[in-house]
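Structure data (CSV, C-alpha atoms and all ligand atoms) from input30.csv:
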```csv
chain,number,residue,atom,x,y,z
A,1,MET,CA,84.9,-109.1,-111.9
A,2,ILE,CA,83.0,-111.7,-109.9
A,3,ILE,CA,79.6,-111.2,-111.4
A,4,SER,CA,78.8,-110.3,-114.9
A,5,ALA,CA,75.5,-110.2,-116.8
A,6,ARG,CA,75.0,-109.0,-120.3
A,7,GLY,CA,71.6,-108.5,-121.9
A,8,LEU,CA,70.0,-110.6,-119.2
A,9,ARG,CA,66.3,-111.3,-119.8
A,10,LYS,CA,63.6,-113.3,-118.2
A,11,GLU,CA,60.1,-113.6,-119.6
A,12,PHE,CA,57.2,-115.5,-117.9
A,13,THR,CA,54.2,-116.7,-119.8
A,14,VAL,CA,51.1,-116.3,-117.7
A,15,SER,CA,47.5,-117.2,-118.5
A,16,ARG,CA,44.6,-115.0,-117.5
A,17,LYS,CA,41.0,-116.0,-117.4
A,18,VAL,CA,39.0,-114.0,-120.0
A,19,GLY,CA,35.2,-114.4,-119.6
A,20,ARG,CA,33.8,-117.6,-118.3
A,21,PHE,CA,35.7,-120.2,-120.3
A,22,ARG,CA,38.5,-118.6,-122.2
A,23,ARG,CA,42.1,-118.2,-121.0
A,24,GLU,CA,44.5,-115.8,-122.6
A,25,ARG,CA,48.2,-116.2,-122.5
A,26,HIS,CA,50.5,-113.2,-122.3
A,27,VAL,CA,54.2,-112.6,-121.7
A,28,VAL,CA,55.5,-110.7,-118.7
A,29,SER,CA,59.0,-109.3,-119.2
A,30,ALA,CA,60.3,-109.4,-115.7
A,31,VAL,CA,64.0,-108.7,-116.5
A,32,ASP,CA,64.4,-106.9,-119.8
A,33,GLY,CA,68.1,-106.7,-120.8
A,34,VAL,CA,70.1,-106.1,-117.7
A,35,ASP,CA,73.9,-105.4,-118.0
A,36,LEU,CA,75.6,-105.7,-114.6
A,37,THR,CA,79.2,-106.1,-113.4
A,38,VAL,CA,80.2,-106.5,-109.8
A,39,GLU,CA,83.9,-106.4,-108.7
A,40,ARG,CA,85.2,-108.7,-106.0
A,41,GLY,CA,84.7,-107.3,-102.6
A,42,GLU,CA,82.0,-104.7,-103.6
A,43,LEU,CA,78.8,-104.3,-101.6
A,44,LEU,CA,76.2,-103.4,-104.2
A,45,GLY,CA,72.7,-102.1,-103.5
A,46,TYR,CA,70.2,-103.5,-106.1
A,47,ILE,CA,67.0,-101.6,-105.7
A,48,GLY,CA,63.8,-100.8,-107.5
A,49,PRO,CA,60.0,-100.5,-107.0
A,50,ASN,CA,57.7,-103.5,-106.4
A,51,GLY,CA,57.7,-105.8,-109.4
A,52,ALA,CA,60.8,-104.1,-110.9
A,53,GLY,CA,62.6,-107.5,-111.4
A,54,LYS,CA,65.0,-107.6,-108.5
A,55,SER,CA,64.2,-111.0,-107.2
A,56,THR,CA,64.0,-112.5,-110.7
A,57,THR,CA,67.6,-111.1,-111.3
A,58,LEU,CA,68.9,-112.6,-108.1
A,59,LYS,CA,67.2,-116.0,-109.0
A,60,MET,CA,69.1,-116.0,-112.3
A,61,LEU,CA,72.4,-115.0,-110.7
A,62,THR,CA,72.0,-117.9,-108.2
A,63,GLY,CA,71.0,-120.5,-110.7
A,64,VAL,CA,67.4,-120.9,-109.5
A,65,LEU,CA,65.9,-119.6,-112.8
A,66,THR,CA,67.1,-120.1,-116.3
A,67,PRO,CA,67.4,-116.8,-118.2
A,68,SER,CA,65.3,-116.4,-121.4
A,69,ALA,CA,68.3,-114.6,-123.0
A,70,GLY,CA,71.6,-113.1,-122.2
A,71,GLU,CA,74.9,-114.2,-120.6
A,72,VAL,CA,75.5,-114.5,-117.0
A,73,SER,CA,78.6,-115.5,-115.0
A,74,VAL,CA,79.1,-115.7,-111.2
A,75,CYS,CA,82.5,-116.7,-109.8
A,76,GLY,CA,83.4,-117.6,-113.4
A,77,LEU,CA,80.5,-120.2,-113.6
A,78,GLU,CA,77.3,-120.3,-115.5
A,79,PRO,CA,74.8,-120.3,-112.6
A,80,VAL,CA,72.1,-122.8,-113.9
A,81,ALA,CA,74.6,-125.2,-115.6
A,82,LYS,CA,76.9,-125.3,-112.5
A,83,ARG,CA,74.3,-124.8,-109.8
A,84,THR,CA,75.8,-127.3,-107.4
A,85,THR,CA,79.4,-126.1,-107.7
A,86,LEU,CA,78.2,-122.5,-107.4
A,87,ALA,CA,76.2,-123.3,-104.3
A,88,ARG,CA,79.5,-123.9,-102.4
A,89,ARG,CA,80.8,-120.6,-103.5
A,90,ILE,CA,77.8,-118.3,-102.8
A,91,GLY,CA,75.6,-117.7,-99.8
A,92,VAL,CA,71.9,-116.7,-100.2
A,93,VAL,CA,69.4,-115.2,-97.9
A,94,PHE,CA,66.0,-114.8,-99.4
A,95,GLY,CA,63.7,-113.2,-96.9
A,96,GLN,CA,60.8,-115.6,-97.4
A,97,ARG,CA,62.7,-118.8,-97.7
A,98,SER,CA,64.7,-120.4,-94.8
A,99,GLN,CA,67.8,-122.5,-95.0
A,100,LEU,CA,67.4,-123.6,-91.4
A,101,TRP,CA,65.7,-126.7,-90.0
A,102,TRP,CA,62.4,-125.6,-88.5
A,103,ASP,CA,62.3,-128.1,-85.6
A,104,LEU,CA,66.0,-128.1,-84.8
A,105,PRO,CA,67.9,-125.7,-82.5
A,106,LEU,CA,69.9,-123.1,-84.4
A,107,GLU,CA,73.2,-124.7,-83.4
A,108,GLU,CA,72.2,-128.1,-84.9
A,109,SER,CA,71.2,-126.4,-88.2
A,110,PHE,CA,74.7,-124.8,-88.3
A,111,SER,CA,76.3,-128.2,-87.6
A,112,LEU,CA,74.3,-129.9,-90.4
A,113,LEU,CA,75.3,-127.1,-92.8
A,114,ARG,CA,79.0,-127.8,-91.8
A,115,HIS,CA,78.5,-131.4,-92.9
A,116,ILE,CA,76.6,-130.5,-96.1
A,117,TYR,CA,79.3,-128.1,-97.2
A,118,ARG,CA,82.1,-130.2,-95.8
A,119,VAL,CA,83.6,-127.3,-93.9
A,120,PRO,CA,86.7,-128.1,-91.9
A,121,GLU,CA,85.9,-128.1,-88.1
A,122,GLY,CA,88.4,-125.2,-87.4
A,123,ASP,CA,87.1,-122.9,-90.2
A,124,HIS,CA,83.5,-123.6,-89.1
A,125,ALA,CA,84.2,-122.8,-85.4
A,126,ALA,CA,86.1,-119.6,-86.3
A,127,ARG,CA,83.3,-118.3,-88.6
A,128,LEU,CA,80.6,-119.3,-86.2
A,129,ARG,CA,82.3,-117.5,-83.3
A,130,GLN,CA,82.7,-114.4,-85.5
A,131,CYS,CA,79.0,-114.4,-86.5
A,132,THR,CA,77.8,-115.2,-83.0
A,133,ASP,CA,79.8,-112.4,-81.5
A,134,LEU,CA,78.7,-109.8,-84.0
A,135,LEU,CA,75.1,-110.9,-84.2
A,136,GLY,CA,74.6,-111.7,-80.5
A,137,LEU,CA,73.4,-115.3,-81.3
A,138,ASP,CA,74.6,-116.9,-78.0
A,139,GLU,CA,71.4,-116.5,-76.1
A,140,PHE,CA,69.2,-118.4,-78.6
A,141,GLN,CA,71.5,-120.9,-80.2
A,142,ARG,CA,69.8,-123.7,-78.4
A,143,THR,CA,66.2,-122.5,-79.3
A,144,PRO,CA,64.4,-124.4,-82.1
A,145,VAL,CA,64.2,-122.3,-85.2
A,146,ARG,CA,60.3,-122.2,-85.2
A,147,GLN,CA,60.4,-120.5,-81.8
A,148,LEU,CA,62.7,-117.7,-82.9
A,149,SER,CA,61.4,-114.2,-83.6
A,150,LEU,CA,61.9,-112.8,-87.1
A,151,GLY,CA,64.9,-110.7,-86.1
A,152,GLN,CA,66.5,-113.7,-84.3
A,153,ARG,CA,65.9,-116.0,-87.3
A,154,MET,CA,67.3,-113.4,-89.7
A,155,ARG,CA,70.5,-113.4,-87.6
A,156,GLY,CA,70.6,-117.1,-87.9
A,157,GLU,CA,70.0,-117.0,-91.7
A,158,LEU,CA,72.9,-114.6,-92.2
A,159,THR,CA,75.2,-116.9,-90.1
A,160,ALA,CA,74.0,-120.0,-92.1
A,161,ALA,CA,74.7,-118.2,-95.4
A,162,LEU,CA,78.2,-117.4,-94.3
A,163,LEU,CA,79.4,-120.5,-92.5
A,164,HIS,CA,81.0,-122.1,-95.6
A,165,GLY,CA,82.9,-118.9,-96.4
A,166,PRO,CA,81.1,-117.9,-99.7
A,167,GLU,CA,82.8,-115.5,-102.1
A,168,VAL,CA,79.4,-113.8,-102.9
A,169,LEU,CA,76.5,-113.2,-100.6
A,170,PHE,CA,73.1,-112.5,-102.1
A,171,LEU,CA,70.6,-110.9,-99.8
A,172,ASP,CA,67.0,-110.3,-100.8
A,173,GLU,CA,65.5,-107.9,-98.3
A,174,PRO,CA,67.3,-109.0,-95.1
A,175,THR,CA,65.9,-106.2,-93.0
A,176,ILE,CA,62.2,-106.5,-94.0
A,177,GLY,CA,59.9,-106.6,-90.9
A,178,LEU,CA,62.8,-106.2,-88.4
A,179,ASP,CA,62.6,-103.7,-85.5
A,180,VAL,CA,65.1,-100.9,-85.3
A,181,LEU,CA,67.6,-102.8,-83.1
A,182,SER,CA,67.6,-105.9,-85.2
A,183,LYS,CA,68.0,-103.7,-88.3
A,184,GLN,CA,71.0,-102.0,-86.7
A,185,ALA,CA,72.5,-105.4,-85.8
A,186,VAL,CA,72.1,-106.7,-89.4
A,187,ARG,CA,73.6,-103.4,-90.8
A,188,THR,CA,76.5,-103.4,-88.4
A,189,PHE,CA,77.2,-107.0,-89.3
A,190,LEU,CA,77.1,-106.4,-93.0
A,191,ALA,CA,79.3,-103.3,-92.7
A,192,ASP,CA,81.8,-105.6,-90.9
A,193,VAL,CA,81.5,-108.2,-93.7
A,194,ASP,CA,82.2,-105.4,-96.2
A,195,LYS,CA,85.2,-104.1,-94.2
A,196,ARG,CA,86.8,-107.5,-94.2
A,197,GLY,CA,86.7,-107.3,-98.0
A,198,ASP,CA,86.7,-111.0,-98.8
A,199,THR,CA,83.0,-111.4,-99.5
A,200,THR,CA,81.1,-109.6,-102.3
A,201,VAL,CA,77.6,-108.7,-101.3
A,202,VAL,CA,74.5,-108.0,-103.5
A,203,LEU,CA,71.8,-106.5,-101.4
A,204,THR,CA,68.2,-105.8,-102.5
A,205,THR,CA,66.1,-103.8,-100.1
A,206,HIS,CA,63.2,-101.3,-99.9
A,207,ASP,CA,64.7,-99.8,-96.8
A,208,LEU,CA,66.8,-97.0,-98.2
A,209,ALA,CA,68.6,-96.5,-94.9
A,210,ASP,CA,70.2,-99.9,-95.6
A,211,ILE,CA,71.5,-98.4,-98.9
A,212,GLU,CA,72.6,-95.1,-97.3
A,213,LYS,CA,74.5,-96.8,-94.5
A,214,LEU,CA,76.1,-99.7,-96.5
A,215,CYS,CA,76.3,-99.2,-100.2
A,216,ARG,CA,78.8,-97.1,-102.1
A,217,ARG,CA,77.3,-98.2,-105.4
A,218,LEU,CA,73.7,-98.5,-106.3
A,219,VAL,CA,72.0,-100.1,-109.2
A,220,VAL,CA,68.4,-99.1,-109.7
A,221,ILE,CA,66.1,-101.2,-111.9
A,222,ASP,CA,62.6,-100.5,-113.1
A,223,HIS,CA,60.4,-102.5,-115.5
A,224,GLY,CA,63.3,-104.9,-115.7
A,225,ARG,CA,65.8,-102.3,-116.9
A,226,VAL,CA,68.7,-100.6,-115.3
A,227,VAL,CA,67.9,-96.9,-114.8
A,228,HIS,CA,70.8,-95.9,-112.6
A,229,ASP,CA,74.2,-97.4,-112.0
A,230,GLY,CA,76.5,-95.3,-109.8
A,231,THR,CA,77.0,-93.8,-106.4
A,232,LEU,CA,74.2,-92.2,-104.3
A,233,ASP,CA,76.0,-88.9,-104.7
A,234,GLU,CA,75.8,-89.3,-108.4
A,235,LEU,CA,72.0,-89.9,-108.1
A,236,HIS,CA,71.7,-86.7,-106.0
A,237,ALA,CA,73.7,-84.8,-108.6
A,238,ARG,CA,71.5,-86.1,-111.4
A,239,TYR,CA,68.4,-84.8,-109.6
A,240,ARG,CA,70.2,-81.7,-108.3
A,241,SER,CA,69.3,-82.6,-104.8
A,242,ARG,CA,70.5,-79.9,-102.4
A,243,ARG,CA,71.4,-79.6,-98.8
A,244,THR,CA,69.0,-77.4,-96.7
A,245,ILE,CA,69.5,-75.2,-93.7
A,246,VAL,CA,66.6,-75.0,-91.2
A,247,ALA,CA,66.9,-72.0,-88.9
A,248,ASP,CA,64.8,-71.0,-85.9
A,249,LEU,CA,64.8,-67.3,-85.4
A,250,ASP,CA,64.2,-64.9,-82.4
A,251,ASN,CA,62.2,-62.6,-84.6
A,252,PRO,CA,60.0,-63.1,-87.7
A,253,TRP,CA,61.8,-63.6,-91.0
A,254,PRO,CA,61.9,-60.2,-92.8
A,255,GLU,CA,59.7,-60.6,-95.8
A,256,GLY,CA,61.6,-60.4,-99.1
A,257,LEU,CA,65.0,-61.0,-97.5
A,258,THR,CA,67.3,-63.0,-99.9
A,259,LEU,CA,70.7,-64.5,-99.3
A,260,PRO,CA,73.3,-65.2,-102.0
A,261,GLY,CA,73.8,-69.0,-102.6
A,262,ALA,CA,70.5,-70.1,-101.1
A,263,VAL,CA,66.8,-70.0,-102.0
A,264,VAL,CA,64.1,-69.6,-99.3
A,265,THR,CA,61.9,-72.7,-99.7
A,266,ALA,CA,59.7,-72.4,-96.6
A,267,VAL,CA,58.8,-69.9,-93.9
A,268,GLU,CA,56.8,-71.4,-91.0
A,269,ALA,CA,55.9,-71.2,-87.3
A,270,ASP,CA,54.8,-67.5,-87.4
A,271,ALA,CA,57.7,-66.8,-89.7
A,272,ARG,CA,60.2,-67.8,-87.0
A,273,ARG,CA,61.4,-70.9,-88.9
A,274,VAL,CA,63.0,-70.6,-92.3
A,275,THR,CA,64.2,-73.3,-94.6
A,276,LEU,CA,66.9,-72.4,-97.1
A,277,THR,CA,67.9,-74.7,-100.0
A,278,LEU,CA,71.6,-74.3,-100.8
A,279,ASP,CA,72.3,-73.5,-104.4
A,280,GLY,CA,75.8,-74.6,-104.9
A,281,MET,CA,77.4,-72.4,-102.2
A,282,ALA,CA,79.1,-73.9,-99.1
A,283,ALA,CA,76.8,-74.1,-96.1
A,284,GLY,CA,79.3,-72.1,-93.9
A,285,GLU,CA,79.1,-69.0,-96.2
A,286,VAL,CA,75.3,-69.1,-96.2
A,287,VAL,CA,75.2,-69.6,-92.4
A,288,ALA,CA,77.6,-66.6,-91.9
A,289,ALA,CA,75.4,-64.4,-94.1
A,290,LEU,CA,72.3,-65.6,-92.3
A,291,ALA,CA,73.8,-64.8,-88.9
A,292,GLN,CA,74.5,-61.3,-90.1
A,293,ALA,CA,71.0,-60.7,-91.3
A,294,VAL,CA,68.9,-62.2,-88.5
A,295,SER,CA,69.1,-63.2,-84.8
A,296,LEU,CA,69.4,-67.1,-84.8
A,297,ARG,CA,68.0,-69.3,-82.0
A,298,ASP,CA,68.9,-72.7,-83.5
A,299,LEU,CA,70.1,-74.1,-86.8
A,300,SER,CA,70.6,-77.4,-88.6
A,301,VAL,CA,72.1,-78.4,-91.9
A,302,GLN,CA,70.3,-81.3,-93.5
A,303,GLU,CA,71.7,-83.7,-96.1
A,304,PRO,CA,69.6,-84.4,-99.3
A,305,ASP,CA,66.9,-86.9,-98.6
A,306,ILE,CA,67.5,-90.3,-100.1
A,307,GLU,CA,63.7,-91.2,-100.0
A,308,ASP,CA,63.0,-88.1,-102.0
A,309,VAL,CA,65.6,-88.6,-104.7
A,310,VAL,CA,64.7,-92.3,-105.2
A,311,ALA,CA,61.0,-91.5,-105.3
A,312,ARG,CA,61.7,-89.0,-108.1
A,313,LEU,CA,63.7,-91.6,-110.0
A,314,TYR,CA,60.9,-94.2,-109.7
A,315,ARG,CA,58.3,-91.6,-110.7
A,316,ASP,CA,60.4,-90.6,-113.8
A,317,GLU,CA,60.7,-94.1,-114.9
A,318,SER,CA,57.1,-95.2,-114.3
A,401,LIG,N1,57.0,-117.1,-111.5
A,401,LIG,C1,56.4,-116.0,-112.1
A,401,LIG,N2,55.5,-116.1,-113.0
A,401,LIG,C2,54.9,-115.0,-113.6
A,401,LIG,N3,55.3,-113.8,-113.3
A,401,LIG,C3,56.3,-113.6,-112.4
A,401,LIG,C4,56.9,-114.7,-111.8
A,401,LIG,N4,57.9,-114.2,-110.9
A,401,LIG,C5,57.9,-112.8,-111.1
A,401,LIG,N5,56.9,-112.5,-112.0
A,401,LIG,C6,56.6,-111.1,-112.4
A,401,LIG,O1,57.8,-110.5,-112.8
A,401,LIG,C7,57.9,-109.1,-112.4
A,401,LIG,C8,59.1,-108.9,-111.6
A,401,LIG,O2,59.0,-109.6,-110.3
A,401,LIG,P1,60.1,-109.7,-109.2
A,401,LIG,O3,59.6,-110.6,-108.1
A,401,LIG,O4,61.4,-110.0,-109.8
A,401,LIG,O5,60.1,-108.1,-108.7
A,401,LIG,P2,60.8,-107.5,-107.5
A,401,LIG,O6,61.5,-106.3,-108.0
A,401,LIG,O7,61.6,-108.5,-106.7
A,401,LIG,O8,59.5,-107.0,-106.6
A,401,LIG,P3,59.3,-106.8,-105.1
A,401,LIG,O9,60.0,-105.6,-104.7
A,401,LIG,O10,57.8,-106.5,-105.0
A,401,LIG,O11,59.7,-108.0,-104.4
A,401,LIG,C9,56.6,-108.8,-111.7
A,401,LIG,O12,55.7,-108.3,-112.7
A,401,LIG,C10,56.1,-110.2,-111.3
A,401,LIG,O13,54.7,-110.3,-111.3
```

Show me, as structure tokens, the structure contained in the file I just sent.
Amino acid sequence: MIISARGLRKEFTVSRKVGRFRRERHVVSAVDGVDLTVERGELLGYIGPNGAGKSTTLKMLTGVLTPSAGEVSVCGLEPVAKRTTLARRIGVVFGQRSQLWWDLPLEESFSLLRHIYRVPEGDHAARLRQCTDLLGLDEFQRTPVRQLSLGQRMRGELTAALLHGPEVLFLDEPTIGLDVLSKQAVRTFLADVDKRGDTTVVLTTHDLADIEKLCRRLVVIDHGRVVHDGTLDELHARYRSRRTIVADLDNPWPEGLTLPGAVVTAVEADARRVTLTLDGMAAGEVVAALAQAVSLRDLSVQEPDIEDVVARLYRDES
């Protein structure tokens, strides 16, 4: 495994003003005993509600914060003790912080990074070409970073994080604030990184479409603790999320009609639209029974909603 954490904790002591003159100190448990292992080449989604402890975990994995307790190893190194060595083996994109030089054109930032990380010219050129092609960077490579839009800068940040060929890429909300096209570009790019298989990716995001499109495995934390570690399908199974069939009908839905393997969950639009939630039976069998019973105008089968299942998990844990 390339990342391992056992009993990882981080506490912050904060002081709060009480009355006019007194301050009271109290301890915030930001990460409260996280166990986590990530295998080489995985693309892991690390999600949780605001304040759950995601960024604090990433900061401990990258050596920015010293854990209060627990063991952590990334690329076989202890992040804080070996921070400089580790920096050469990981890439980091933290939404709020930039690794680019504000006043320099993007291409000069890339060139500086090549010297800082001492990347051989050929490797640098090959990786830059790959990122440029996939992220469409060509048209703004000569633009100073401060003039770039958020979406353009994020493409630059991703490139900057990958130019030294890191083994692990940590991404803290890489799609936040991006328009649909930029989001798509970032997701397609990350899917390509994942497909090549030589970079492990840890992704935190509030955009569940990122998770749905990119992550086979999902770790959910809340109040600093892991509350789910598994696939999205396993999460749906845990909450018994079901597929639904939405059918538009030529005539009103006959009151009281039932179909085996499905439950009627909504009758709308003057009873000419019915929603059936599948109860374990295959969609095809229910659709066939439906077509026998009523005259169908249109029909769609909808997958379980990720927003819904994750909201239920967050509610349960809060
Ligand atoms: N430097 C700090 N000092 C005091 N408390 C902190 C500090 N950093 C984080 N916290 C607290 O630790 C908890 C976890 O914060 P963290 O930033 O890790 O959450 P997060 O899951 O990344 O949230 P978000 O999704 O809102 O970015 C929060 O209660 C936060 O207020």

*What do you get as a VMD selection string if you pick all residues at most 8 Å from ligand LIG 401 (chain A), counting only C-alpha atoms and all ligand atoms?*
chain A and resid 11 to 14 28 to 31 47 to 57 205 to 206 221 to 224

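If you measure from each of A:Arg23, A:Arg240, A:His164, A:Arg40 to A:Ile2 using all atoms listed in the file, the closest one turns out to be A:Arg40.
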
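With atom CA of A:Leu100 on one side and atom CA of A:Gln152 on the other, the separation reads 12.2 Å.
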
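Nearest to A:Thr62 of all the residues A:Met1, A:Val74, A:Leu276, A:Ala237 is A:Val74, based on only C-alpha atoms.
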
*Which residue gives the smallest distance to A:Leu257 among A:Leu158, A:Val226, A:Leu135, A:Val294, with all atoms listed in the file counted?*
A:Val294

*Rank A:Gly7, A:Gly256, A:Pro120, A:Pro79 by their smallest atom-to-atom distance to A:Val34, using all atoms listed in the file, and report the top residue only.*
A:Gly7

Give me the residues of stretch 129-168 of chain A that have any atom at most 6 Å from an atom of stretch 82-98 of chain A; for each, the nearest atom pair and the distance in Å, rounded to one decimal. Use all atoms listed in the file, sort by chain and number, and format it as JSON lines.
```
{"residue": "A:Ala161", "atom": "CA", "partner": "A:Gly91", "partner_atom": "CA", "distance": 4.5}
{"residue": "A:Pro166", "atom": "CA", "partner": "A:Ile90", "partner_atom": "CA", "distance": 4.5}
{"residue": "A:Glu167", "atom": "CA", "partner": "A:Arg89", "partner_atom": "CA", "distance": 5.7}
{"residue": "A:Val168", "atom": "CA", "partner": "A:Ile90", "partner_atom": "CA", "distance": 4.8}
```

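The space separating atom CA of A:Ser182 from atom CA of A:Asp207 comes to 13.4 Å.
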
*asked:* Here is a test: counting only C-alpha atoms, which residue of A:Ile116, A:Ile306, A:Leu104, A:Ala125 is nearest to A:Val145?
replied: A:Leu104

*Using all atoms listed in the file, which residues sit within 12 Å of A:Arg216 once same-chain residues fewer than 2 positions away are excluded, as a PyMOL selection string?*
chain A and resi 41-46+191+194+201-203+210-214+218-219+229-235

Could you save the residues just selected, with C-alpha atoms, as an mmCIF file, in the frame of the given file?
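File produced: selection10.cif:
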```
data_model
loop_
_atom_site.group_PDB
_atom_site.id
_atom_site.type_symbol
_atom_site.label_atom_id
_atom_site.label_comp_id
_atom_site.auth_asym_id
_atom_site.auth_seq_id
_atom_site.Cartn_x
_atom_site.Cartn_y
_atom_site.Cartn_z
ATOM 1 C CA GLY A 41 84.700 -107.300 -102.600
ATOM 2 C CA GLU A 42 82.000 -104.700 -103.600
ATOM 3 C CA LEU A 43 78.800 -104.300 -101.600
ATOM 4 C CA LEU A 44 76.200 -103.400 -104.200
ATOM 5 C CA GLY A 45 72.700 -102.100 -103.500
ATOM 6 C CA TYR A 46 70.200 -103.500 -106.100
ATOM 7 C CA ALA A 191 79.300 -103.300 -92.700
ATOM 8 C CA ASP A 194 82.200 -105.400 -96.200
ATOM 9 C CA VAL A 201 77.600 -108.700 -101.300
ATOM 10 C CA VAL A 202 74.500 -108.000 -103.500
ATOM 11 C CA LEU A 203 71.800 -106.500 -101.400
ATOM 12 C CA ASP A 210 70.200 -99.900 -95.600
ATOM 13 C CA ILE A 211 71.500 -98.400 -98.900
ATOM 14 C CA GLU A 212 72.600 -95.100 -97.300
ATOM 15 C CA LYS A 213 74.500 -96.800 -94.500
ATOM 16 C CA LEU A 214 76.100 -99.700 -96.500
ATOM 17 C CA LEU A 218 73.700 -98.500 -106.300
ATOM 18 C CA VAL A 219 72.000 -100.100 -109.200
ATOM 19 C CA ASP A 229 74.200 -97.400 -112.000
ATOM 20 C CA GLY A 230 76.500 -95.300 -109.800
ATOM 21 C CA THR A 231 77.000 -93.800 -106.400
ATOM 22 C CA LEU A 232 74.200 -92.200 -104.300
ATOM 23 C CA ASP A 233 76.000 -88.900 -104.700
ATOM 24 C CA GLU A 234 75.800 -89.300 -108.400
ATOM 25 C CA LEU A 235 72.000 -89.900 -108.100
#
```

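Each of A:Cys75, A:Val193, A:Ser109, A:Val274 was compared to A:Arg127 using only C-alpha atoms, and A:Val193 turns out to be the nearest.
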
*Can you tell me, as a PyMOL selection string, what residues are no more than 9 Å from A:Val246 when counting all atoms listed in the file, ignoring any on the same chain fewer than 6 positions away?*
chain A and resi 273-277+298-302

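The coordinates place atom CA of A:Thr258 at 14.0 Å from atom CA of A:Met281.
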
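When the distance limit is 12 Å and all atoms listed in the file are what count, the residues near A:Gln292, minus those fewer than 6 positions from it on the same chain, are Leu259, Glu285 and Val286 of chain A.
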
_Exercise: A:Gly156 partners within 8 Å, only C-alpha atoms, chain neighbours under 3 positions left out, as a PyMOL selection string_ = chain A and resi 106+137+152-153+159-160
